[in-house]
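A.B. asks: Quick one, start.txt (compact mmCIF, C-alpha atoms):
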```txt
# COMPACT_ATOMS: atom_id res chain seq x y z
CA MET X 1 54.38 157.37 92.37
CA SER X 2 54.73 153.59 92.65
CA PRO X 3 51.56 151.60 93.28
CA GLN X 4 50.85 150.72 96.87
CA SER X 5 51.04 147.11 97.95
CA LEU X 6 48.13 145.53 99.79
CA ASP X 7 50.30 145.29 102.88
CA GLN X 8 50.88 149.05 102.78
CA ILE X 9 47.17 149.79 102.52
CA PHE X 10 46.28 147.22 105.18
CA SER X 11 48.73 148.78 107.62
CA LYS X 12 47.11 152.24 107.44
CA ASP X 13 44.53 153.52 109.88
CA PRO X 14 41.36 152.66 107.90
CA LYS X 15 39.74 155.98 108.73
CA THR X 16 42.46 157.68 106.67
CA LEU X 17 41.93 155.46 103.61
CA THR X 18 40.36 156.99 100.52
CA ASP X 19 37.69 155.14 98.56
CA ASP X 20 40.27 154.69 95.79
CA GLU X 21 42.58 152.88 98.19
CA VAL X 22 39.74 150.60 99.29
CA ARG X 23 38.94 149.97 95.61
CA ILE X 24 42.54 148.88 95.08
CA ILE X 25 42.02 146.22 97.75
CA VAL X 26 38.79 145.08 96.11
CA LYS X 27 40.26 144.94 92.60
CA ARG X 28 43.37 143.04 93.68
CA LEU X 29 41.39 140.51 95.68
CA GLU X 30 38.94 140.05 92.80
CA ALA X 31 41.91 139.42 90.50
CA GLU X 32 43.29 136.94 93.02
CA ARG X 33 39.91 135.16 92.95
CA GLU X 34 39.96 134.99 89.15
CA ASN X 35 43.43 133.41 89.28
CA TRP X 36 42.27 130.94 91.89
CA LEU X 37 39.16 130.03 89.90
CA THR X 38 41.34 129.33 86.87
CA ALA X 39 43.74 127.17 88.84
CA GLU X 40 41.12 125.50 91.03
CA PRO X 41 39.88 122.72 88.67
CA LYS X 42 43.43 121.37 88.32
CA ALA X 43 44.14 121.84 92.00
CA SER X 44 40.93 120.05 93.01
CA LYS X 45 42.00 116.87 91.25
CA ALA X 46 45.41 117.01 92.84
CA LYS X 47 43.93 117.64 96.24
CA LYS X 48 41.67 114.58 96.30
CA THR X 49 44.09 112.86 98.62
CA ALA X 50 44.81 115.94 100.69
CA ALA X 51 41.31 117.27 101.25
CA SER X 52 40.66 119.90 103.88
CA PRO X 53 39.61 118.40 107.19
CA THR X 54 36.02 117.50 107.85
CA LEU X 55 34.37 119.22 110.77
CA SER X 56 34.38 117.12 113.91
CA LEU X 57 32.72 117.59 117.27
CA GLU X 58 36.03 118.76 118.67
CA ASP X 59 36.19 121.81 116.46
CA LEU X 60 32.54 122.73 116.11
CA GLY X 61 33.40 125.96 117.91
CA ASP X 62 34.76 127.00 114.52
CA LEU X 63 31.15 127.72 113.55
CA GLU X 64 30.45 130.18 116.35
CA LEU X 65 27.80 132.86 115.71
CA MET J 1 26.27 143.69 136.45
CA SER J 2 22.62 143.94 135.36
CA ASN J 3 21.24 141.68 132.68
CA SER J 4 17.78 142.58 131.39
CA SER J 5 17.11 139.02 130.26
CA PHE J 6 16.93 137.85 133.88
CA SER J 7 14.07 138.06 136.37
CA GLN J 8 14.14 140.99 138.78
CA ALA J 9 12.44 138.89 141.47
CA LEU J 10 14.46 135.70 140.98
CA PRO J 11 17.94 136.84 140.01
CA PHE J 12 19.14 133.44 138.73
CA MET J 13 16.10 132.90 136.55
CA GLN J 14 16.59 133.79 132.91
CA ILE J 15 13.33 134.93 131.33
CA ALA J 16 14.46 135.91 127.82
CA TRP J 17 16.32 133.15 126.01
CA ASP J 18 18.25 133.14 122.77
CA SER J 19 19.81 130.15 121.01
CA THR J 20 23.22 130.86 122.56
CA SER J 21 22.02 130.75 126.16
CA MET J 22 19.72 127.78 125.54
CA GLY J 23 22.44 125.95 123.61
CA THR J 24 24.87 126.52 126.47
CA LEU J 25 22.38 125.17 129.00
CA MET J 26 21.81 122.10 126.82
CA GLU J 27 25.54 121.58 126.46
CA CYS J 28 26.38 121.88 130.15
CA PRO J 29 24.38 123.55 132.95
CA ARG J 30 27.60 124.46 134.79
CA LYS J 31 28.99 126.16 131.69
CA TYR J 32 25.67 128.00 131.47
CA GLN J 33 26.03 129.11 135.12
CA TYR J 34 29.54 130.44 134.59
CA SER J 35 29.12 132.05 131.17
CA ILE J 36 25.50 133.23 131.05
CA ILE J 37 24.37 133.68 134.66
CA GLU J 38 27.66 134.91 136.11
CA GLY J 39 28.95 136.39 132.85
CA TRP J 40 32.48 134.95 132.92
CA GLN J 41 34.23 134.81 129.55
CA PRO J 42 37.80 134.00 128.52
CA ARG J 43 40.00 137.12 128.54
CA GLN J 44 40.51 136.85 124.79
CA MET J 45 37.47 136.48 122.56
CA SER J 46 37.47 133.29 120.47
CA VAL J 47 38.94 133.98 117.04
CA HIS J 48 35.99 132.15 115.48
CA LEU J 49 33.50 134.40 117.24
CA ALA J 50 35.47 137.56 116.37
CA PHE J 51 35.82 136.52 112.72
CA GLY J 52 32.11 135.66 112.53
CA ILE J 53 31.10 139.03 114.01
CA HIS J 54 33.29 140.96 111.54
CA TYR J 55 32.10 138.88 108.57
CA HIS J 56 28.44 139.42 109.46
CA SER J 57 29.01 143.10 110.05
CA ALA J 58 30.66 143.62 106.64
CA LEU J 59 27.97 141.73 104.73
CA GLU J 60 25.23 143.55 106.63
CA THR J 61 26.83 146.82 105.52
CA TYR J 62 26.84 145.58 101.92
CA ASP J 63 23.14 144.68 102.08
CA ARG J 64 22.16 148.04 103.54
CA VAL J 65 24.21 150.15 101.13
CA LYS J 66 23.11 148.03 98.16
CA VAL J 67 19.44 148.63 99.02
CA GLU J 68 20.02 152.33 99.69
CA THR J 69 22.00 153.04 96.52
CA GLY J 70 21.38 150.10 94.16
CA ASP J 71 25.11 150.26 93.41
CA HIS J 72 26.98 146.95 93.87
CA ASP J 73 30.49 148.42 93.58
CA ARG J 74 29.78 151.16 96.07
CA ALA J 75 28.31 148.64 98.48
CA VAL J 76 31.39 146.40 98.18
CA VAL J 77 33.66 149.34 99.02
CA ALA J 78 31.46 150.15 102.03
CA ALA J 79 31.59 146.53 103.21
CA VAL J 80 35.38 146.34 102.90
CA ARG J 81 35.78 149.67 104.64
CA ARG J 82 33.57 148.41 107.45
CA ALA J 83 35.68 145.25 107.81
CA LEU J 84 38.89 147.29 107.81
CA GLU J 85 37.57 149.65 110.48
CA ASP J 86 36.09 146.89 112.64
CA THR J 87 39.44 145.09 112.65
CA TRP J 88 41.56 148.09 113.61
CA ASP J 89 42.62 148.51 117.21
CA TYR J 90 42.27 152.26 117.68
CA THR J 91 43.81 152.13 121.15
CA LEU J 92 47.03 150.52 119.98
CA ASN J 93 46.77 152.01 116.46
CA ARG J 94 47.35 148.68 114.76
CA PRO J 95 45.34 145.98 112.95
CA TRP J 96 43.52 143.16 114.73
CA ASN J 97 46.19 140.65 115.63
CA SER J 98 44.83 137.15 115.06
CA ASP J 99 47.32 134.32 115.36
CA ASP J 100 45.00 132.01 113.40
CA LYS J 101 46.35 131.30 109.93
CA ASN J 102 42.85 130.75 108.51
CA LYS J 103 40.91 133.42 110.31
CA ASN J 104 42.66 136.77 110.36
CA ARG J 105 42.24 140.27 108.98
CA PHE J 106 43.45 139.48 105.48
CA THR J 107 41.38 136.30 105.06
CA LEU J 108 38.34 138.14 106.43
CA ILE J 109 38.53 140.86 103.81
CA ARG J 110 39.36 138.37 101.07
CA THR J 111 36.35 136.27 102.09
CA VAL J 112 34.04 139.30 102.00
CA VAL J 113 35.30 140.38 98.55
CA TRP J 114 35.15 136.87 97.09
CA TYR J 115 31.67 136.26 98.53
CA LEU J 116 30.34 139.47 97.04
CA ALA J 117 31.99 138.67 93.70
CA GLN J 118 30.43 135.22 93.61
CA PHE J 119 26.98 136.42 94.63
CA ARG J 120 26.95 139.67 92.68
CA GLU J 121 23.81 138.33 90.97
CA ASP J 122 22.36 136.69 94.03
CA PRO J 123 19.39 134.33 93.51
CA LEU J 124 18.51 135.01 97.16
CA GLU J 125 16.71 138.34 97.13
CA THR J 126 16.80 140.20 100.44
CA ILE J 127 13.29 141.04 101.62
CA ILE J 128 12.63 144.75 102.02
CA LEU J 129 10.74 145.62 105.21
CA ALA J 130 7.76 147.95 105.36
CA ASN J 131 10.10 150.73 106.55
CA GLY J 132 12.13 150.38 103.35
CA LYS J 133 15.12 148.78 105.06
CA PRO J 134 16.59 145.41 104.07
CA ALA J 135 15.73 142.46 106.31
CA VAL J 136 19.23 141.87 107.63
CA GLU J 137 20.45 141.43 111.23
CA LEU J 138 16.89 141.39 112.45
CA SER J 139 16.28 141.21 116.15
CA PHE J 140 13.22 139.23 117.24
CA ARG J 141 11.49 138.57 120.54
CA PHE J 142 8.18 137.01 121.43
CA GLU J 143 6.44 135.42 124.38
CA THR J 144 6.23 131.64 124.50
CA GLU J 145 3.38 129.69 126.06
CA TYR J 146 5.72 128.55 128.82
CA VAL J 147 5.46 130.35 132.16
CA SER J 148 8.43 131.14 134.37
CA PRO J 149 8.39 130.66 138.18
CA GLU J 150 7.81 134.41 138.62
CA GLY J 151 4.56 134.06 136.67
CA SER J 152 5.55 135.80 133.46
CA PRO J 153 5.92 134.02 130.12
CA PHE J 154 9.35 132.97 128.96
CA ILE J 155 10.54 135.01 125.99
CA LEU J 156 12.37 133.71 122.94
CA CYS J 157 14.69 136.21 121.28
CA GLY J 158 17.68 136.51 119.00
CA HIS J 159 18.87 137.80 115.68
CA LEU J 160 18.32 136.57 112.14
CA ASP J 161 21.11 137.22 109.65
CA ARG J 162 18.88 137.74 106.65
CA LEU J 163 15.38 137.13 105.32
CA VAL J 164 15.18 136.44 101.60
CA MET J 165 12.85 135.36 98.85
CA TRP J 166 13.96 132.25 97.01
CA ASN J 167 11.85 130.38 94.49
CA GLU J 168 9.02 132.74 95.44
CA ARG J 169 9.16 131.63 99.04
CA PRO J 170 10.50 133.46 102.10
CA ARG J 171 13.53 131.93 103.78
CA VAL J 172 15.74 132.63 106.76
CA VAL J 173 19.45 132.70 105.92
CA ASP J 174 22.19 132.05 108.44
CA ARG J 175 25.81 132.71 107.54
CA LYS J 176 28.56 130.40 108.77
CA THR J 177 32.31 130.52 108.37
CA SER J 178 34.54 127.51 108.81
CA LYS J 179 38.05 126.37 108.01
CA ASN J 180 36.67 122.87 107.53
CA SER J 181 35.31 121.31 104.38
CA ILE J 182 31.89 122.47 103.25
CA GLU J 183 31.77 119.98 100.39
CA GLY J 184 29.34 117.09 100.51
CA GLU J 185 26.20 116.87 102.59
CA GLU J 186 28.04 116.15 105.82
CA PHE J 187 28.62 119.81 106.61
CA PHE J 188 24.96 120.77 106.27
CA ALA J 189 23.65 117.60 107.89
CA ARG J 190 24.95 118.74 111.28
CA PHE J 191 22.37 121.53 111.36
CA THR J 192 19.51 119.04 111.67
CA PRO J 193 18.72 118.66 114.45
CA ASP J 194 20.29 121.82 115.76
CA ASN J 195 18.91 124.17 118.39
CA GLN J 196 20.17 127.36 116.75
CA MET J 197 18.65 126.61 113.33
CA SER J 198 15.40 125.41 114.90
CA THR J 199 15.20 128.65 116.88
CA TYR J 200 15.66 130.69 113.70
CA ASP J 201 13.16 128.55 111.81
CA PHE J 202 10.63 128.97 114.61
CA ALA J 203 11.25 132.71 114.84
CA GLY J 204 10.88 133.12 111.09
CA SER J 205 7.62 131.23 111.07
CA VAL J 206 6.11 132.97 114.12
CA VAL J 207 7.51 136.48 114.37
CA TYR J 208 7.74 137.25 110.70
CA ASN J 209 4.59 135.31 109.96
CA LEU J 210 6.15 133.16 107.26
CA PRO J 211 3.84 130.15 107.42
CA ILE J 212 5.40 128.39 104.46
CA LEU J 213 8.89 128.60 105.87
CA GLU J 214 10.59 125.22 105.49
CA GLY J 215 13.76 125.72 107.44
CA VAL J 216 16.90 127.77 107.14
CA ILE J 217 19.36 128.30 104.30
CA ILE J 218 22.94 127.91 105.53
CA ASP J 219 25.19 130.30 103.62
CA ALA J 220 28.58 128.71 104.30
CA ALA J 221 32.06 130.09 103.69
CA GLN J 222 35.13 127.93 103.92
CA VAL J 223 38.07 130.10 104.88
CA MET J 224 41.45 128.68 103.99
CA VAL J 225 44.90 130.24 104.03
CA THR J 226 45.02 130.78 100.26
CA PHE J 227 41.36 130.81 99.23
CA SER J 228 37.75 131.13 100.36
CA ARG J 229 34.92 129.14 98.85
CA PHE J 230 31.18 129.23 99.35
CA ARG J 231 28.29 126.84 99.35
CA ARG J 232 24.65 127.03 100.30
CA GLY J 233 22.65 124.24 101.86
CA PHE J 234 19.43 123.69 103.75
CA ALA J 235 18.45 122.86 107.28
CA HIS J 236 14.91 121.69 106.53
CA ARG J 237 12.18 121.72 109.14
CA THR J 238 8.69 120.29 108.76
CA PRO J 239 5.82 121.69 110.86
CA ALA J 240 5.99 118.50 112.97
CA GLN J 241 9.71 118.99 113.57
CA ARG J 242 9.04 122.60 114.53
CA HIS J 243 6.42 121.47 117.01
CA GLU J 244 8.74 118.82 118.43
CA TRP J 245 11.48 121.41 118.94
CA TYR J 246 9.01 123.67 120.74
CA MET J 247 8.03 120.82 123.08
CA ASN J 248 11.71 120.22 123.79
CA LEU J 249 12.14 123.90 124.53
CA GLY J 250 9.43 123.68 127.19
CA HIS J 251 11.25 120.79 128.82
CA TRP J 252 14.52 122.69 128.94
CA LEU J 253 12.84 125.82 130.33
CA ARG J 254 11.33 123.76 133.14
CA LEU J 255 14.75 122.30 133.83
CA ALA J 256 16.27 125.79 133.85
CA SER J 257 13.62 126.83 136.39
CA GLN J 258 14.51 123.89 138.63
CA TYR J 259 18.21 124.69 138.48
CA ALA J 260 17.55 128.35 139.30
CA GLU J 261 15.28 127.47 142.23
CA GLN J 262 17.84 125.00 143.59
CA ARG J 263 20.72 127.34 142.72
CA PHE J 264 22.58 124.34 141.39
CA TRP J 265 23.68 123.80 137.81
CA PRO J 266 25.20 120.33 137.39
CA MET J 267 28.27 119.59 135.29
CA ASN J 268 27.77 117.60 132.12
CA THR J 269 31.19 116.01 132.07
CA LYS J 270 30.56 114.39 128.70
CA SER J 271 30.78 117.84 127.09
CA CYS J 272 34.14 118.94 128.48
CA GLY J 273 36.06 117.94 125.34
CA ASN J 274 33.63 119.30 122.77
CA TYR J 275 34.08 122.43 120.67
CA GLY J 276 37.84 122.32 121.01
CA GLY J 277 37.56 121.93 124.80
CA CYS J 278 35.31 123.85 127.16
CA PRO J 279 36.86 127.17 128.20
CA PHE J 280 35.83 126.45 131.80
CA ARG J 281 37.63 123.13 132.03
CA PRO J 282 40.54 124.79 133.87
CA VAL J 283 38.02 125.84 136.56
CA CYS J 284 35.90 122.70 136.75
CA SER J 285 39.07 120.65 137.10
CA LYS J 286 39.89 122.46 140.37
CA SER J 287 38.54 121.67 143.81
CA PRO J 288 35.16 123.41 144.34
CA GLU J 289 36.29 125.65 147.20
CA THR J 290 38.96 127.26 144.98
CA ARG J 291 36.88 127.88 141.86
CA GLU J 292 35.76 131.43 142.63
CA GLY J 293 39.38 132.46 142.80
CA TRP J 294 40.19 130.73 139.52
CA LEU J 295 37.26 132.36 137.79
CA ALA J 296 38.33 135.81 138.94
CA SER J 297 41.93 135.29 137.85
CA LEU J 298 41.42 133.54 134.50
CA TYR J 299 38.29 135.24 133.11
CA VAL J 300 36.65 138.61 132.70
CA LYS J 301 33.00 139.55 133.09
CA ARG J 302 31.12 140.28 129.88
CA THR J 303 27.37 140.22 130.18
CA TRP J 304 25.53 138.16 127.57
CA ASP J 305 22.18 139.89 127.30
CA PRO J 306 20.02 138.42 124.53
CA LEU J 307 17.62 141.36 124.73
CA GLN J 308 20.21 143.76 123.39
CA ILE J 309 19.12 144.73 119.92
CA ARG J 310 21.51 144.56 116.96
CA GLY J 311 19.47 145.65 113.98
CA ASP J 312 15.81 146.24 113.27
CA ILE J 313 12.95 144.59 115.08
```
Rewrite the coordinates I just gave you, this time as structure tokens.
C.D. replies:
Amino acid sequence: MSPQSLDQIFSKDPKTLTDDEVRIIVKRLEAERENWLTAEPKASKAKKTAASPTLSLEDLGDLEL
Amino acid sequence: MSNSSFSQALPFMQIAWDSTSMGTLMECPRKYQYSIIEGWQPRQMSVHLAFGIHYHSALETYDRVKVETGDHDRAVVAAVRRALEDTWDYTLNRPWNSDDKNKNRFTLIRTVVWYLAQFREDPLETIILANGKPAVELSFRFETEYVSPEGSPFILCGHLDRLVMWNERPRVVDRKTSKNSIEGEEFFARFTPDNQMSTYDFAGSVVYNLPILEGVIIDAAQVMVTFSRFRRGFAHRTPAQRHEWYMNLGHWLRLASQYAEQRFWPMNTKSCGNYGGCPFRPVCSKSPETREGWLASLYVKRTWDPLQIRGDI
């Protein structure tokens, strides 16, 4: 049986998901984080000029709750 | 629609206040009238509010399962399952459909997993209550010294995300998600002064009897399309600042009483463009005699009752 993609698991009714399927999500996202952490130091330098926007009064609603 | 936070004798007089209702009054009394007193809300819940609710819910599940079982991996699975279930539309049998590229079902679950990976060994230790449960999503309510027009004391209430021990001191933690930068001090600086954080600081110091509380820890998550990152900062409060906030609260409660007695909540037109634009601008921009009709056609009624309990008291 071929491994399920995240999209396949995400599109299922969550009440039907097994713990193993949820673990697949966790493991793949943790791996994605590891990749991002490895790439991040280089990316940070490159992004100095294209930093993410700073919060302004106009979009403070972003912080709701 | 009944709202237990309002006076039975004076139906426009709110007796129990949380930071949301007080913050709305401070922002614009007319917005407060429409959203809190009359209960009008946009037909579709703000994506930021929905994302925040789901994020809190998943991390609360993690904290509870972690305390019950002591098993990090099991608690992560429970948190992710909770997020998956909370973001499934069981009527339409499909996932939550957010059109926000930063805040959607996938970025929610990624943010939960990455947060729990980063803070697997968390220096903030959740306080365990006397009943053995973790101090997360704690509802609080207590009487203030301020008296309402009906003669009863005004009540302050709300919910604290988490109480922790850090550096051998108790702290209140509030979780925030944002698509904006959380680097630098600018992000955290906006929480001082801030009514919500001052309310939580006050509640932590009074209700949970944490006399050495020095403010609130902001546990921030930046949610981007391809990554989530996290940073913690402080909203410090000195005892004098706490006292000052409490004096301010009394002023605003007196003002709220005046508005309720006069049955008139003025517009603060300097606030219309804030927070991405007030959701009631389409109504306030219309001629007064037509506004009832606009409210009924553009909004739905959802009661905001601060006395509804989320977690443990």
A.B. asks: Nearest to Arg33 of chain X: which of J:Phe106, J:Phe227, J:Tyr146, J:Phe187 is it, counting all atoms listed in the file?
C.D. replies: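 Using all atoms listed in the file, the shortest distance to Arg33 of chain X belongs to J:Phe227.
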A.B. asks: Please, which residues of chain J lie no more than 9 Å from chain X when the count uses all atoms listed in the file, and can they be set out as a PyMOL selection string?
C.D. replies: chain J and resi 20+46-50+52-53+73+76-78+80-82+84-85+88+90+93-95+105-106+109-110+113-114+117+175-183+186-187+224+226-228+273-277
A.B. asks: Can you list, as an mmCIF file with C-alpha atoms, in the coordinates of the input, every protein, DNA or RNA residue that comes within 12 Å of Cys272 of chain J when you count all atoms listed in the file, leaving out same-chain residues fewer than 4 positions away?
C.D. replies:
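Heads up, here's the output in selection-v7.cif:
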```cif
data_model
loop_
_atom_site.group_PDB
_atom_site.id
_atom_site.type_symbol
_atom_site.label_atom_id
_atom_site.label_comp_id
_atom_site.auth_asym_id
_atom_site.auth_seq_id
_atom_site.Cartn_x
_atom_site.Cartn_y
_atom_site.Cartn_z
ATOM 1 C CA LEU X 57 32.720 117.590 117.270
ATOM 2 C CA GLU X 58 36.030 118.760 118.670
ATOM 3 C CA GLU J 27 25.540 121.580 126.460
ATOM 4 C CA CYS J 28 26.380 121.880 130.150
ATOM 5 C CA PRO J 29 24.380 123.550 132.950
ATOM 6 C CA ARG J 30 27.600 124.460 134.790
ATOM 7 C CA LYS J 31 28.990 126.160 131.690
ATOM 8 C CA MET J 267 28.270 119.590 135.290
ATOM 9 C CA ASN J 268 27.770 117.600 132.120
ATOM 10 C CA GLY J 276 37.840 122.320 121.010
ATOM 11 C CA GLY J 277 37.560 121.930 124.800
ATOM 12 C CA CYS J 278 35.310 123.850 127.160
ATOM 13 C CA PRO J 279 36.860 127.170 128.200
ATOM 14 C CA PHE J 280 35.830 126.450 131.800
ATOM 15 C CA ARG J 281 37.630 123.130 132.030
ATOM 16 C CA PRO J 282 40.540 124.790 133.870
ATOM 17 C CA VAL J 283 38.020 125.840 136.560
ATOM 18 C CA CYS J 284 35.900 122.700 136.750
ATOM 19 C CA SER J 285 39.070 120.650 137.100
#
```
A.B. asks: For Thr192 of chain J, which residue out of J:Ser7, J:Gln41, J:Thr144, J:Gln241 is the nearest one, using all atoms listed in the file?
C.D. replies: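 Among the listed residues, the smallest separation from Thr192 of chain J belongs to J:Gln241.
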A.B. asks: Would you mind listing what lies within 9 Å of segment 128-142 of chain J as a PyMOL selection string, with all atoms listed in the file counted and same-chain residues fewer than 6 positions away left out?
C.D. replies: chain J and resi 16+18+56-57+60+63-64+67-68+154-164+203-204+206-208+307-313
A.B. asks: Just the number, please: distance in Å from atom CA of Met13 of chain J to atom CA of Trp245 of chain J, one decimal.
C.D. replies: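 Taking atom CA of Met13 of chain J and atom CA of Trp245 of chain J, their separation equals 21.5 Å.
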A.B. asks: So what do you get for atom CA of Trp166 of chain J versus atom CA of Ser19 of chain J, distance-wise?
C.D. replies: 24.8 Å
A.B. asks: Report, in Å with one decimal, the straight-line distance from atom CA of Pro239 of chain J to atom CA of Asp201 of chain J.
C.D. replies: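 Separating atom CA of Pro239 of chain J from atom CA of Asp201 of chain J is a distance of 10.1 Å.
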A.B. asks: Since fewer atoms than expected are present, regenerate all heavy atoms for segment 2-10 of chain X and write them as a PDB file, in the coordinates of the input.
C.D. replies:
```pdb
ATOM      1  N   SER X   2      54.872 155.042  92.853  1.00  0.00           N
ATOM      2  CA  SER X   2      54.730 153.590  92.650  1.00  0.00           C
ATOM      3  C   SER X   2      53.427 153.106  93.306  1.00  0.00           C
ATOM      4  O   SER X   2      52.991 153.659  94.316  1.00  0.00           O
ATOM      5  CB  SER X   2      55.922 152.861  93.253  1.00  0.00           C
ATOM      6  OG  SER X   2      56.012 153.143  94.628  1.00  0.00           O
ATOM      7  N   PRO X   3      52.824 152.069  92.700  1.00  0.00           N
ATOM      8  CA  PRO X   3      51.560 151.600  93.280  1.00  0.00           C
ATOM      9  C   PRO X   3      51.762 151.022  94.667  1.00  0.00           C
ATOM     10  O   PRO X   3      52.801 150.427  94.956  1.00  0.00           O
ATOM     11  CB  PRO X   3      51.116 150.521  92.277  1.00  0.00           C
ATOM     12  CG  PRO X   3      52.328 150.161  91.501  1.00  0.00           C
ATOM     13  CD  PRO X   3      53.250 151.326  91.532  1.00  0.00           C
ATOM     14  N   GLN X   4      50.746 151.216  95.500  1.00  0.00           N
ATOM     15  CA  GLN X   4      50.850 150.720  96.870  1.00  0.00           C
ATOM     16  C   GLN X   4      50.597 149.213  96.899  1.00  0.00           C
ATOM     17  O   GLN X   4      49.755 148.701  96.169  1.00  0.00           O
ATOM     18  CB  GLN X   4      49.789 151.386  97.747  1.00  0.00           C
ATOM     19  CG  GLN X   4      49.968 152.865  97.945  1.00  0.00           C
ATOM     20  CD  GLN X   4      48.945 153.385  98.938  1.00  0.00           C
ATOM     21  OE1 GLN X   4      49.142 153.319 100.132  1.00  0.00           O
ATOM     22  NE2 GLN X   4      47.847 153.891  98.422  1.00  0.00           N
ATOM     23  N   SER X   5      51.306 148.537  97.771  1.00  0.00           N
ATOM     24  CA  SER X   5      51.040 147.110  97.950  1.00  0.00           C
ATOM     25  C   SER X   5      49.846 146.964  98.896  1.00  0.00           C
ATOM     26  O   SER X   5      49.492 147.895  99.630  1.00  0.00           O
ATOM     27  CB  SER X   5      52.263 146.418  98.546  1.00  0.00           C
ATOM     28  OG  SER X   5      52.420 146.829  99.896  1.00  0.00           O
ATOM     29  N   LEU X   6      49.251 145.770  98.858  1.00  0.00           N
ATOM     30  CA  LEU X   6      48.130 145.530  99.790  1.00  0.00           C
ATOM     31  C   LEU X   6      48.584 145.681 101.224  1.00  0.00           C
ATOM     32  O   LEU X   6      47.865 146.214 102.063  1.00  0.00           O
ATOM     33  CB  LEU X   6      47.560 144.119  99.559  1.00  0.00           C
ATOM     34  CG  LEU X   6      46.558 143.943  98.424  1.00  0.00           C
ATOM     35  CD1 LEU X   6      45.938 142.550  98.486  1.00  0.00           C
ATOM     36  CD2 LEU X   6      45.455 144.986  98.468  1.00  0.00           C
ATOM     37  N   ASP X   7      49.787 145.192 101.505  1.00  0.00           N
ATOM     38  CA  ASP X   7      50.300 145.290 102.880  1.00  0.00           C
ATOM     39  C   ASP X   7      50.354 146.751 103.337  1.00  0.00           C
ATOM     40  O   ASP X   7      50.017 147.065 104.477  1.00  0.00           O
ATOM     41  CB  ASP X   7      51.709 144.683 102.969  1.00  0.00           C
ATOM     42  CG  ASP X   7      51.646 143.168 103.084  1.00  0.00           C
ATOM     43  OD1 ASP X   7      50.533 142.648 103.316  1.00  0.00           O
ATOM     44  OD2 ASP X   7      52.690 142.516 102.928  1.00  0.00           O
ATOM     45  N   GLN X   8      50.781 147.623 102.429  1.00  0.00           N
ATOM     46  CA  GLN X   8      50.880 149.050 102.780  1.00  0.00           C
ATOM     47  C   GLN X   8      49.495 149.609 103.114  1.00  0.00           C
ATOM     48  O   GLN X   8      49.322 150.329 104.095  1.00  0.00           O
ATOM     49  CB  GLN X   8      51.495 149.843 101.622  1.00  0.00           C
ATOM     50  CG  GLN X   8      53.005 149.702 101.525  1.00  0.00           C
ATOM     51  CD  GLN X   8      53.540 150.385 100.272  1.00  0.00           C
ATOM     52  OE1 GLN X   8      52.985 150.228  99.175  1.00  0.00           O
ATOM     53  NE2 GLN X   8      54.605 151.154 100.429  1.00  0.00           N
ATOM     54  N   ILE X   9      48.523 149.254 102.291  1.00  0.00           N
ATOM     55  CA  ILE X   9      47.170 149.790 102.520  1.00  0.00           C
ATOM     56  C   ILE X   9      46.583 149.183 103.799  1.00  0.00           C
ATOM     57  O   ILE X   9      45.981 149.890 104.614  1.00  0.00           O
ATOM     58  CB  ILE X   9      46.243 149.486 101.313  1.00  0.00           C
ATOM     59  CG1 ILE X   9      46.839 150.092 100.044  1.00  0.00           C
ATOM     60  CG2 ILE X   9      44.848 150.045 101.556  1.00  0.00           C
ATOM     61  CD1 ILE X   9      46.078 149.749  98.769  1.00  0.00           C
ATOM     62  N   PHE X  10      46.819 147.898 103.995  1.00  0.00           N
ATOM     63  CA  PHE X  10      46.280 147.220 105.180  1.00  0.00           C
ATOM     64  C   PHE X  10      46.881 147.779 106.477  1.00  0.00           C
ATOM     65  O   PHE X  10      46.264 147.683 107.535  1.00  0.00           O
ATOM     66  CB  PHE X  10      46.562 145.713 105.101  1.00  0.00           C
ATOM     67  CG  PHE X  10      45.451 144.928 104.461  1.00  0.00           C
ATOM     68  CD1 PHE X  10      45.199 145.036 103.109  1.00  0.00           C
ATOM     69  CD2 PHE X  10      44.658 144.078 105.200  1.00  0.00           C
ATOM     70  CE1 PHE X  10      44.171 144.320 102.503  1.00  0.00           C
ATOM     71  CE2 PHE X  10      43.628 143.356 104.608  1.00  0.00           C
ATOM     72  CZ  PHE X  10      43.383 143.478 103.243  1.00  0.00           C
TER      73      PHE X  10
END
```
